Amino acid sequence: MYLPNMLADAGGALDPADAAAFGAGAAAAAEALFAVTHGEGPTPLVELPGLAAASGLGALLVKDESGRHGLGSFKALGGAHAAIRLALDEAGRRTGRRFGPEDIGTPAFLAVTRTLTMACATDGNHGRSVAAGARLVGARAVVFLHQGVREVRADAIWAEGARIVRVAGDYDDSLAAVARSCAAEGWINVSDMALPGQERIPTLVMQGYTVMAAEILRQCGDRMPTHLFLQAGVGGMAAAVAANLAMAGPDRPRLVVVEPDGAACLLESARAGRRLQLASHAPTVMALLECREPSATGWRILSRLARDFMAVPDTAARAAVNRLARPVAGDPALVVGESGAAGLAGLLQAVADPGLQAALGLGPAARVLVIATEGANDVDAWSLSTGLVPEDVKRAGALKRAG
């Protein structure tokens, strides 16, 4: 399924507030925070020349987030960033003094944060990141999981010290449940789902993702991508990365947003001409992208910056996972989960369709970037997609387990 962006604001300038929130300054601040709290370098930008040649492309780059902060996902940047910033802000509010990352762990800081509870709803990785951030600052964490979240992801969240609350229904039901509990208990809802009038905390989450964009800019140098194929659930990651890169220079990469075909809330919003909530969605192996409604912030940005919207079936996601695990000769093997490979799934579908390939401007001059947003955090699902077993991956030295 493919839809060009025909919205009235397509190609327009970012809202000034979004430009300020996701520009170079925001990325630098997030990088400075993580330099103190984690002290890690950038994740790799991997080139796949064999697959690029086989796909008729000039270059194919994969930003591999499978090792980010030991959590196996790009979401290590989002929830943790928000949790840390919120704790610093609350400590300052209560004491009347300024707290910075260097104050984390001090008695004055912990006197406040030990009274805080960070809560969120998640399909897996966001909750793990929030739990890790809460643990780092000395706060408690409560994470709400809908019935479709597999136990391997729940176990990984629990290992970060969080209390797990199971909710009947889907992701949207867990969003409603955590909102009710936060209102009743006075907890902080570290949501990555921005609703109109409730965008401050999701913006903090999204600002964490600008770290990836800053790293991409440095890693690419003057050889920037011509195309970005970025997967989306509610759209926070795609919007944050696209916004940051769009402000970096005049040569804005063409952004193609990729979603599961059973939960394409951004594509259907673009078709309708407004942000909407799907009446229902189908379960998908791309479980971390299974969302019925776009984030208000994500939609505001992507309605301007996205050139195209695509929706791909589970078979395409599994094929992309398998292609990365069993690479074209000369390319390195990458261990990426189904949600993490959705952007590549969209690209591979596009290059297999001559009409779509031409419509998207894909050819020998195209330099395409995708983000492998998570590793094999659900090993059973990964094995179903690849026909491999965890021992095969361990021998390759590439297994990224959850927990």
# chains A, B, ... in the order shown; residues from 1 in each chain; ligands from 1
>>> select_by_dssp(residues="range 254-328 of chain A", states="strand (DSSP E)", output="CSV table (one decimal) with N, CA and C atoms, in the first residue's frame")
chain,number,residue,atom,x,y,z
A,254,ARG,N,14.5,12.6,1.2
A,254,ARG,CA,13.1,12.3,1.0
A,254,ARG,C,12.7,11.3,2.0
A,255,LEU,N,11.6,11.6,2.8
A,255,LEU,CA,11.2,10.8,3.9
A,255,LEU,C,10.0,9.9,3.4
A,256,VAL,N,10.2,8.6,3.5
A,256,VAL,CA,9.1,7.6,3.3
A,256,VAL,C,8.8,7.0,4.7
A,257,VAL,N,7.6,7.1,5.1
A,257,VAL,CA,7.1,6.6,6.4
A,257,VAL,C,6.5,5.2,6.1
A,258,VAL,N,7.0,4.2,6.9
A,258,VAL,CA,6.6,2.8,6.7
A,258,VAL,C,5.8,2.3,7.9
A,259,GLU,N,4.7,1.7,7.7
A,259,GLU,CA,3.9,1.1,8.8
A,259,GLU,C,3.4,-0.3,8.5
A,260,PRO,N,3.0,-1.0,9.5
A,260,PRO,CA,2.3,-2.3,9.2
A,260,PRO,C,1.0,-2.1,8.5
A,306,ALA,N,7.0,14.3,5.6
A,306,ALA,CA,6.9,13.0,4.9
A,306,ALA,C,6.6,13.3,3.4
A,307,ARG,N,7.3,12.7,2.5
A,307,ARG,CA,6.9,12.8,1.1
A,307,ARG,C,6.0,11.6,0.7
A,308,ASP,N,6.1,10.5,1.4
A,308,ASP,CA,5.3,9.3,1.0
A,308,ASP,C,5.0,8.5,2.3
A,309,PHE,N,3.9,7.7,2.2
A,309,PHE,CA,3.5,6.8,3.2
A,309,PHE,C,3.4,5.4,2.6
A,310,MET,N,3.9,4.4,3.3
A,310,MET,CA,3.8,3.0,2.8
A,310,MET,C,3.3,2.2,4.0
A,311,ALA,N,2.6,1.1,3.6
A,311,ALA,CA,2.2,0.1,4.6
A,311,ALA,C,2.6,-1.3,4.1
A,312,VAL,N,3.2,-2.1,4.9
A,312,VAL,CA,3.8,-3.4,4.5
A,312,VAL,C,3.2,-4.5,5.3
>>> residues_around(residues="range 317-331 of chain A", least_positions_apart="6", cutoff="9 Å", atoms="only C-alpha atoms", output="PyMOL selection string")
chain A and resi 47-51+54+260+285-286+337-346+348+382+384-388+393
>>> write_last_selection(atoms="N, CA and C atoms", output="CSV table (one decimal), in the first residue's frame")
chain,number,residue,atom,x,y,z
A,47,GLU,N,27.2,0.0,6.2
A,47,GLU,CA,26.9,0.1,4.8
A,47,GLU,C,26.7,-1.3,4.2
A,48,LEU,N,25.7,-1.5,3.4
A,48,LEU,CA,25.4,-2.8,2.8
A,48,LEU,C,25.6,-2.7,1.3
A,49,PRO,N,26.8,-2.7,0.8
A,49,PRO,CA,27.0,-2.5,-0.7
A,49,PRO,C,26.4,-3.6,-1.5
A,50,GLY,N,26.4,-4.8,-1.0
A,50,GLY,CA,25.9,-5.9,-1.8
A,50,GLY,C,24.4,-5.8,-2.0
A,51,LEU,N,23.6,-5.5,-1.0
A,51,LEU,CA,22.2,-5.3,-1.1
A,51,LEU,C,21.8,-4.1,-1.9
A,54,ALA,N,22.3,-5.1,-5.5
A,54,ALA,CA,21.2,-6.0,-5.9
A,54,ALA,C,19.8,-5.3,-6.0
A,260,PRO,N,3.0,-1.0,9.5
A,260,PRO,CA,2.3,-2.3,9.2
A,260,PRO,C,1.0,-2.1,8.5
A,285,VAL,N,3.4,-9.0,13.4
A,285,VAL,CA,4.7,-9.4,13.9
A,285,VAL,C,5.5,-8.1,14.2
A,286,MET,N,5.1,-7.0,13.6
A,286,MET,CA,5.7,-5.7,13.9
A,286,MET,C,5.0,-5.1,15.1
A,337,GLY,N,15.0,-7.2,14.8
A,337,GLY,CA,13.7,-7.7,14.9
A,337,GLY,C,12.7,-7.2,13.9
A,338,GLU,N,11.5,-7.7,13.8
A,338,GLU,CA,10.6,-7.4,12.8
A,338,GLU,C,10.2,-5.9,12.8
A,339,SER,N,9.9,-5.4,13.9
A,339,SER,CA,9.6,-3.9,14.0
A,339,SER,C,10.8,-3.1,13.5
A,340,GLY,N,12.0,-3.6,13.9
A,340,GLY,CA,13.2,-2.9,13.6
A,340,GLY,C,13.6,-2.9,12.1
A,341,ALA,N,13.0,-3.9,11.4
A,341,ALA,CA,13.3,-4.1,10.0
A,341,ALA,C,12.3,-3.5,9.1
A,342,ALA,N,11.2,-2.9,9.7
A,342,ALA,CA,10.1,-2.4,8.9
A,342,ALA,C,10.5,-1.4,7.8
A,343,GLY,N,11.4,-0.5,8.1
A,343,GLY,CA,11.8,0.5,7.1
A,343,GLY,C,12.5,-0.2,5.9
A,344,LEU,N,13.3,-1.1,6.2
A,344,LEU,CA,14.0,-1.9,5.1
A,344,LEU,C,12.9,-2.7,4.3
A,345,ALA,N,11.9,-3.2,5.0
A,345,ALA,CA,10.8,-3.9,4.3
A,345,ALA,C,10.1,-3.0,3.3
A,346,GLY,N,9.9,-1.8,3.7
A,346,GLY,CA,9.3,-0.8,2.8
A,346,GLY,C,10.2,-0.6,1.6
A,348,LEU,N,12.6,-2.6,0.3
A,348,LEU,CA,12.7,-3.8,-0.5
A,348,LEU,C,11.4,-3.9,-1.4
A,382,TRP,N,12.1,-13.9,16.2
A,382,TRP,CA,13.2,-13.8,15.3
A,382,TRP,C,13.5,-15.1,14.6
A,384,LEU,N,11.5,-17.6,14.1
A,384,LEU,CA,10.4,-17.9,13.1
A,384,LEU,C,10.6,-17.2,11.8
A,385,SER,N,11.1,-16.0,11.9
A,385,SER,CA,11.4,-15.2,10.7
A,385,SER,C,12.6,-15.7,9.9
A,386,THR,N,13.6,-16.2,10.6
A,386,THR,CA,14.8,-16.5,9.9
A,386,THR,C,15.1,-18.0,9.7
A,387,GLY,N,14.4,-18.8,10.5
A,387,GLY,CA,14.7,-20.2,10.4
A,387,GLY,C,16.0,-20.6,11.1
A,388,LEU,N,16.6,-19.6,11.8
A,388,LEU,CA,17.8,-19.8,12.6
A,388,LEU,C,17.4,-20.0,14.0
A,393,VAL,N,23.1,-17.4,16.2
A,393,VAL,CA,23.4,-16.0,16.3
A,393,VAL,C,24.5,-15.8,17.3
>>> residues_around(residues="Arg135 in chain A", least_positions_apart="6", cutoff="10 Å", atoms="only C-alpha atoms", output="list in words")
Ala80, Ala83, Ile84, Thr113, Arg114, Met118, Ser129, Ala141, Glu160, Gly161 and Ala162 of chain A
>>> write_last_selection(atoms="N, CA, C and O atoms", output="PDB file, in the first residue's frame")
ATOM      1  N   ALA A  80      14.024   6.874  28.774  1.00  0.00           N
ATOM      2  CA  ALA A  80      15.030   7.192  29.788  1.00  0.00           C
ATOM      3  C   ALA A  80      15.330   8.684  29.810  1.00  0.00           C
ATOM      4  O   ALA A  80      15.462   9.286  30.884  1.00  0.00           O
ATOM      5  N   ALA A  83      12.438  10.374  31.566  1.00  0.00           N
ATOM      6  CA  ALA A  83      12.410  10.080  32.994  1.00  0.00           C
ATOM      7  C   ALA A  83      13.489  10.871  33.741  1.00  0.00           C
ATOM      8  O   ALA A  83      13.243  11.421  34.829  1.00  0.00           O
ATOM      9  N   ILE A  84      14.681  10.946  33.160  1.00  0.00           N
ATOM     10  CA  ILE A  84      15.771  11.676  33.812  1.00  0.00           C
ATOM     11  C   ILE A  84      15.462  13.166  33.860  1.00  0.00           C
ATOM     12  O   ILE A  84      15.620  13.826  34.902  1.00  0.00           O
ATOM     13  N   THR A 113      13.615  12.111  44.483  1.00  0.00           N
ATOM     14  CA  THR A 113      13.275  11.100  43.490  1.00  0.00           C
ATOM     15  C   THR A 113      12.778   9.800  44.109  1.00  0.00           C
ATOM     16  O   THR A 113      12.028   9.057  43.457  1.00  0.00           O
ATOM     17  N   ARG A 114      13.164   9.508  45.346  1.00  0.00           N
ATOM     18  CA  ARG A 114      12.660   8.294  45.992  1.00  0.00           C
ATOM     19  C   ARG A 114      11.169   8.361  46.283  1.00  0.00           C
ATOM     20  O   ARG A 114      10.553   7.337  46.579  1.00  0.00           O
ATOM     21  N   MET A 118       7.334   6.730  38.197  1.00  0.00           N
ATOM     22  CA  MET A 118       7.205   6.936  36.754  1.00  0.00           C
ATOM     23  C   MET A 118       6.375   5.786  36.193  1.00  0.00           C
ATOM     24  O   MET A 118       6.681   4.611  36.448  1.00  0.00           O
ATOM     25  N   SER A 129      12.770   1.267  28.671  1.00  0.00           N
ATOM     26  CA  SER A 129      13.571   2.479  28.754  1.00  0.00           C
ATOM     27  C   SER A 129      13.138   3.358  29.918  1.00  0.00           C
ATOM     28  O   SER A 129      13.980   3.892  30.667  1.00  0.00           O
ATOM     29  N   ALA A 141       9.070   2.600  39.172  1.00  0.00           N
ATOM     30  CA  ALA A 141       8.462   2.519  37.840  1.00  0.00           C
ATOM     31  C   ALA A 141       7.337   1.496  37.858  1.00  0.00           C
ATOM     32  O   ALA A 141       7.474   0.421  38.444  1.00  0.00           O
ATOM     33  N   GLU A 160      14.487  -4.492  34.903  1.00  0.00           N
ATOM     34  CA  GLU A 160      14.928  -3.122  35.164  1.00  0.00           C
ATOM     35  C   GLU A 160      14.336  -2.568  36.461  1.00  0.00           C
ATOM     36  O   GLU A 160      14.546  -1.401  36.792  1.00  0.00           O
ATOM     37  N   GLY A 161      13.588  -3.395  37.203  1.00  0.00           N
ATOM     38  CA  GLY A 161      13.075  -2.984  38.510  1.00  0.00           C
ATOM     39  C   GLY A 161      11.658  -2.466  38.513  1.00  0.00           C
ATOM     40  O   GLY A 161      11.183  -1.958  39.534  1.00  0.00           O
ATOM     41  N   ALA A 162      10.951  -2.585  37.389  1.00  0.00           N
ATOM     42  CA  ALA A 162       9.594  -2.045  37.306  1.00  0.00           C
ATOM     43  C   ALA A 162       8.561  -3.035  37.819  1.00  0.00           C
ATOM     44  O   ALA A 162       8.752  -4.251  37.752  1.00  0.00           O
TER      45      ALA A 162
END
>>> residues_around(residues="Gly363 in chain A", least_positions_apart="5", cutoff="9 Å", atoms="only C-alpha atoms", output="VMD selection string")
chain A and resid 55 to 58 351 357 to 358
>>> write_last_selection(atoms="all heavy atoms", output="PDB file, in the first residue's frame")
ATOM      1  N   SER A  55      19.709  -4.136  -5.297  1.00  0.00           N
ATOM      2  CA  SER A  55      18.466  -3.361  -5.314  1.00  0.00           C
ATOM      3  C   SER A  55      18.508  -2.198  -6.300  1.00  0.00           C
ATOM      4  O   SER A  55      17.552  -1.419  -6.376  1.00  0.00           O
ATOM      5  CB  SER A  55      18.183  -2.818  -3.901  1.00  0.00           C
ATOM      6  OG  SER A  55      18.102  -3.870  -2.961  1.00  0.00           O
ATOM      7  N   GLY A  56      19.610  -2.054  -7.020  1.00  0.00           N
ATOM      8  CA  GLY A  56      19.726  -0.979  -7.987  1.00  0.00           C
ATOM      9  C   GLY A  56      19.940   0.381  -7.362  1.00  0.00           C
ATOM     10  O   GLY A  56      19.614   1.410  -7.962  1.00  0.00           O
ATOM     11  N   LEU A  57      20.531   0.416  -6.146  1.00  0.00           N
ATOM     12  CA  LEU A  57      20.743   1.668  -5.422  1.00  0.00           C
ATOM     13  C   LEU A  57      22.217   2.040  -5.415  1.00  0.00           C
ATOM     14  O   LEU A  57      23.096   1.170  -5.501  1.00  0.00           O
ATOM     15  CB  LEU A  57      20.254   1.536  -3.977  1.00  0.00           C
ATOM     16  CG  LEU A  57      18.793   1.118  -3.782  1.00  0.00           C
ATOM     17  CD1 LEU A  57      18.524   0.834  -2.310  1.00  0.00           C
ATOM     18  CD2 LEU A  57      17.855   2.201  -4.300  1.00  0.00           C
ATOM     19  N   GLY A  58      22.486   3.315  -5.233  1.00  0.00           N
ATOM     20  CA  GLY A  58      23.862   3.761  -5.119  1.00  0.00           C
ATOM     21  C   GLY A  58      24.490   3.368  -3.801  1.00  0.00           C
ATOM     22  O   GLY A  58      25.673   3.030  -3.738  1.00  0.00           O
ATOM     23  N   VAL A 351      11.659  -1.239  -4.299  1.00  0.00           N
ATOM     24  CA  VAL A 351      12.579  -1.513  -5.407  1.00  0.00           C
ATOM     25  C   VAL A 351      12.123  -2.713  -6.234  1.00  0.00           C
ATOM     26  O   VAL A 351      12.583  -2.899  -7.368  1.00  0.00           O
ATOM     27  CB  VAL A 351      14.033  -1.713  -4.919  1.00  0.00           C
ATOM     28  CG1 VAL A 351      14.554  -0.442  -4.258  1.00  0.00           C
ATOM     29  CG2 VAL A 351      14.154  -2.906  -3.985  1.00  0.00           C
ATOM     30  N   GLN A 357       9.260   2.238  -7.663  1.00  0.00           N
ATOM     31  CA  GLN A 357      10.676   2.615  -7.680  1.00  0.00           C
ATOM     32  C   GLN A 357      10.863   3.949  -8.402  1.00  0.00           C
ATOM     33  O   GLN A 357      11.567   4.846  -7.912  1.00  0.00           O
ATOM     34  CB  GLN A 357      11.477   1.511  -8.368  1.00  0.00           C
ATOM     35  CG  GLN A 357      12.988   1.708  -8.327  1.00  0.00           C
ATOM     36  CD  GLN A 357      13.705   0.536  -8.963  1.00  0.00           C
ATOM     37  OE1 GLN A 357      13.159  -0.155  -9.826  1.00  0.00           O
ATOM     38  NE2 GLN A 357      14.943   0.302  -8.552  1.00  0.00           N
ATOM     39  N   ALA A 358      10.207   4.101  -9.532  1.00  0.00           N
ATOM     40  CA  ALA A 358      10.311   5.353 -10.291  1.00  0.00           C
ATOM     41  C   ALA A 358       9.641   6.504  -9.559  1.00  0.00           C
ATOM     42  O   ALA A 358      10.168   7.621  -9.514  1.00  0.00           O
ATOM     43  CB  ALA A 358       9.690   5.171 -11.671  1.00  0.00           C
TER      44      ALA A 358
END
>>> closest_residue(among="A:Gly208, A:Gly138, A:Gly96, A:Gly262", to="Thr284 in chain A", atoms="only C-alpha atoms")
A:Gly262
>>> residues_around(residues="Ala87 in chain A", least_positions_apart="6", cutoff="10 Å", atoms="only C-alpha atoms", output="count of residues only")
17
>>> closest_residue(among="A:Leu60, A:Leu302, A:Ala32, A:Val167", to="Leu267 in chain A", atoms="only C-alpha atoms")
A:Leu302
>>> residues_around(residues="Ala10 in chain A", least_positions_apart="4", cutoff="7 Å", atoms="only C-alpha atoms", output="PyMOL selection string")
chain A and resi 5-6+303-305
>>> select_by_dssp(residues="range 130-241 of chain A", states="helix (DSSP H, G or I)", output="VMD selection string")
chain A and resid 130 to 137 151 to 159 171 to 185 200 to 220 236 to 241
>>> atom_distance(atom1="CA of Ala35 in chain A", atom2="CA of Glu102 in chain A")
10.5 Å
>>> residues_around(residues="His227 in chain A", least_positions_apart="4", cutoff="9 Å", atoms="only C-alpha atoms", output="PyMOL selection string")
chain A and resi 252-256+360-362+366-370
>>> write_last_selection(atoms="all heavy atoms", output="mmCIF file, in the first residue's frame")
data_model
loop_
_atom_site.group_PDB
_atom_site.id
_atom_site.type_symbol
_atom_site.label_atom_id
_atom_site.label_comp_id
_atom_site.auth_asym_id
_atom_site.auth_seq_id
_atom_site.Cartn_x
_atom_site.Cartn_y
_atom_site.Cartn_z
ATOM 1 N N ARG A 252 17.341 18.255 2.055
ATOM 2 C CA ARG A 252 16.489 17.443 2.922
ATOM 3 C C ARG A 252 16.272 16.074 2.277
ATOM 4 O O ARG A 252 15.793 15.978 1.147
ATOM 5 C CB ARG A 252 15.155 18.150 3.119
ATOM 6 C CG ARG A 252 14.152 17.396 3.966
ATOM 7 C CD ARG A 252 12.795 18.084 3.971
ATOM 8 N NE ARG A 252 12.846 19.414 4.549
ATOM 9 C CZ ARG A 252 11.771 20.189 4.713
ATOM 10 N NH1 ARG A 252 10.570 19.752 4.307
ATOM 11 N NH2 ARG A 252 11.892 21.391 5.246
ATOM 12 N N PRO A 253 16.592 14.967 2.978
ATOM 13 C CA PRO A 253 16.318 13.647 2.402
ATOM 14 C C PRO A 253 14.819 13.430 2.198
ATOM 15 O O PRO A 253 13.996 13.959 2.944
ATOM 16 C CB PRO A 253 16.865 12.677 3.460
ATOM 17 C CG PRO A 253 17.760 13.497 4.340
ATOM 18 C CD PRO A 253 17.221 14.889 4.303
ATOM 19 N N ARG A 254 14.480 12.643 1.197
ATOM 20 C CA ARG A 254 13.086 12.292 0.963
ATOM 21 C C ARG A 254 12.663 11.275 2.028
ATOM 22 O O ARG A 254 13.275 10.210 2.155
ATOM 23 C CB ARG A 254 12.916 11.681 -0.426
ATOM 24 C CG ARG A 254 11.479 11.273 -0.742
ATOM 25 C CD ARG A 254 11.322 10.886 -2.190
ATOM 26 N NE ARG A 254 9.928 10.691 -2.545
ATOM 27 C CZ ARG A 254 9.439 10.866 -3.761
ATOM 28 N NH1 ARG A 254 10.249 11.241 -4.749
ATOM 29 N NH2 ARG A 254 8.151 10.686 -4.012
ATOM 30 N N LEU A 255 11.632 11.606 2.781
ATOM 31 C CA LEU A 255 11.186 10.756 3.888
ATOM 32 C C LEU A 255 10.008 9.900 3.449
ATOM 33 O O LEU A 255 8.964 10.416 3.040
ATOM 34 C CB LEU A 255 10.785 11.608 5.091
ATOM 35 C CG LEU A 255 10.109 10.857 6.248
ATOM 36 C CD1 LEU A 255 11.026 9.774 6.816
ATOM 37 C CD2 LEU A 255 9.684 11.831 7.342
ATOM 38 N N VAL A 256 10.189 8.572 3.547
ATOM 39 C CA VAL A 256 9.118 7.610 3.312
ATOM 40 C C VAL A 256 8.787 6.961 4.656
ATOM 41 O O VAL A 256 9.647 6.333 5.276
ATOM 42 C CB VAL A 256 9.538 6.536 2.290
ATOM 43 C CG1 VAL A 256 8.370 5.588 2.003
ATOM 44 C CG2 VAL A 256 10.057 7.177 1.009
ATOM 45 N N LEU A 360 9.348 6.970 -6.430
ATOM 46 C CA LEU A 360 10.136 7.378 -5.265
ATOM 47 C C LEU A 360 11.536 7.869 -5.635
ATOM 48 O O LEU A 360 12.287 8.292 -4.759
ATOM 49 C CB LEU A 360 10.248 6.218 -4.276
ATOM 50 C CG LEU A 360 8.936 5.748 -3.641
ATOM 51 C CD1 LEU A 360 9.167 4.522 -2.775
ATOM 52 C CD2 LEU A 360 8.319 6.869 -2.804
ATOM 53 N N GLY A 361 11.883 7.805 -6.902
ATOM 54 C CA GLY A 361 13.204 8.272 -7.312
ATOM 55 C C GLY A 361 14.327 7.378 -6.846
ATOM 56 O O GLY A 361 15.431 7.852 -6.539
ATOM 57 N N LEU A 362 14.069 6.077 -6.808
ATOM 58 C CA LEU A 362 15.084 5.122 -6.359
ATOM 59 C C LEU A 362 15.848 4.598 -7.569
ATOM 60 O O LEU A 362 15.248 4.138 -8.545
ATOM 61 C CB LEU A 362 14.429 3.962 -5.617
ATOM 62 C CG LEU A 362 13.732 4.333 -4.307
ATOM 63 C CD1 LEU A 362 12.919 3.147 -3.786
ATOM 64 C CD2 LEU A 362 14.748 4.781 -3.260
ATOM 65 N N ALA A 366 20.534 7.011 -5.808
ATOM 66 C CA ALA A 366 19.904 7.053 -4.487
ATOM 67 C C ALA A 366 20.833 6.509 -3.415
ATOM 68 O O ALA A 366 21.463 5.456 -3.580
ATOM 69 C CB ALA A 366 18.603 6.260 -4.500
ATOM 70 N N ARG A 367 20.910 7.250 -2.337
ATOM 71 C CA ARG A 367 21.685 6.838 -1.166
ATOM 72 C C ARG A 367 20.678 6.751 -0.015
ATOM 73 O O ARG A 367 20.258 7.770 0.534
ATOM 74 C CB ARG A 367 22.783 7.865 -0.889
ATOM 75 C CG ARG A 367 23.729 7.528 0.244
ATOM 76 C CD ARG A 367 24.850 8.578 0.308
ATOM 77 N NE ARG A 367 25.667 8.413 1.487
ATOM 78 C CZ ARG A 367 26.677 7.544 1.591
ATOM 79 N NH1 ARG A 367 26.959 6.767 0.568
ATOM 80 N NH2 ARG A 367 27.375 7.466 2.703
ATOM 81 N N VAL A 368 20.277 5.530 0.337
ATOM 82 C CA VAL A 368 19.132 5.300 1.220
ATOM 83 C C VAL A 368 19.599 4.934 2.618
ATOM 84 O O VAL A 368 20.528 4.131 2.796
ATOM 85 C CB VAL A 368 18.222 4.189 0.669
ATOM 86 C CG1 VAL A 368 16.992 4.010 1.555
ATOM 87 C CG2 VAL A 368 17.795 4.508 -0.765
ATOM 88 N N LEU A 369 18.936 5.511 3.612
ATOM 89 C CA LEU A 369 19.222 5.186 5.015
ATOM 90 C C LEU A 369 17.984 4.611 5.671
ATOM 91 O O LEU A 369 16.881 5.142 5.522
ATOM 92 C CB LEU A 369 19.685 6.425 5.787
ATOM 93 C CG LEU A 369 20.114 6.166 7.244
ATOM 94 C CD1 LEU A 369 21.320 7.021 7.610
ATOM 95 C CD2 LEU A 369 18.990 6.457 8.232
ATOM 96 N N VAL A 370 18.161 3.503 6.381
ATOM 97 C CA VAL A 370 17.119 2.936 7.230
ATOM 98 C C VAL A 370 17.685 2.816 8.637
ATOM 99 O O VAL A 370 18.907 2.799 8.836
ATOM 100 C CB VAL A 370 16.636 1.562 6.721
ATOM 101 C CG1 VAL A 370 16.084 1.662 5.309
ATOM 102 C CG2 VAL A 370 17.736 0.516 6.797
#
>>> closest_residue(among="A:Leu356, A:Ala296, A:Ala82, A:Leu278", to="Leu204 in chain A", atoms="only C-alpha atoms")
A:Ala82
>>> atom_distance(atom1="CA of Asp9 in chain A", atom2="CA of Arg300 in chain A")
9.3 Å
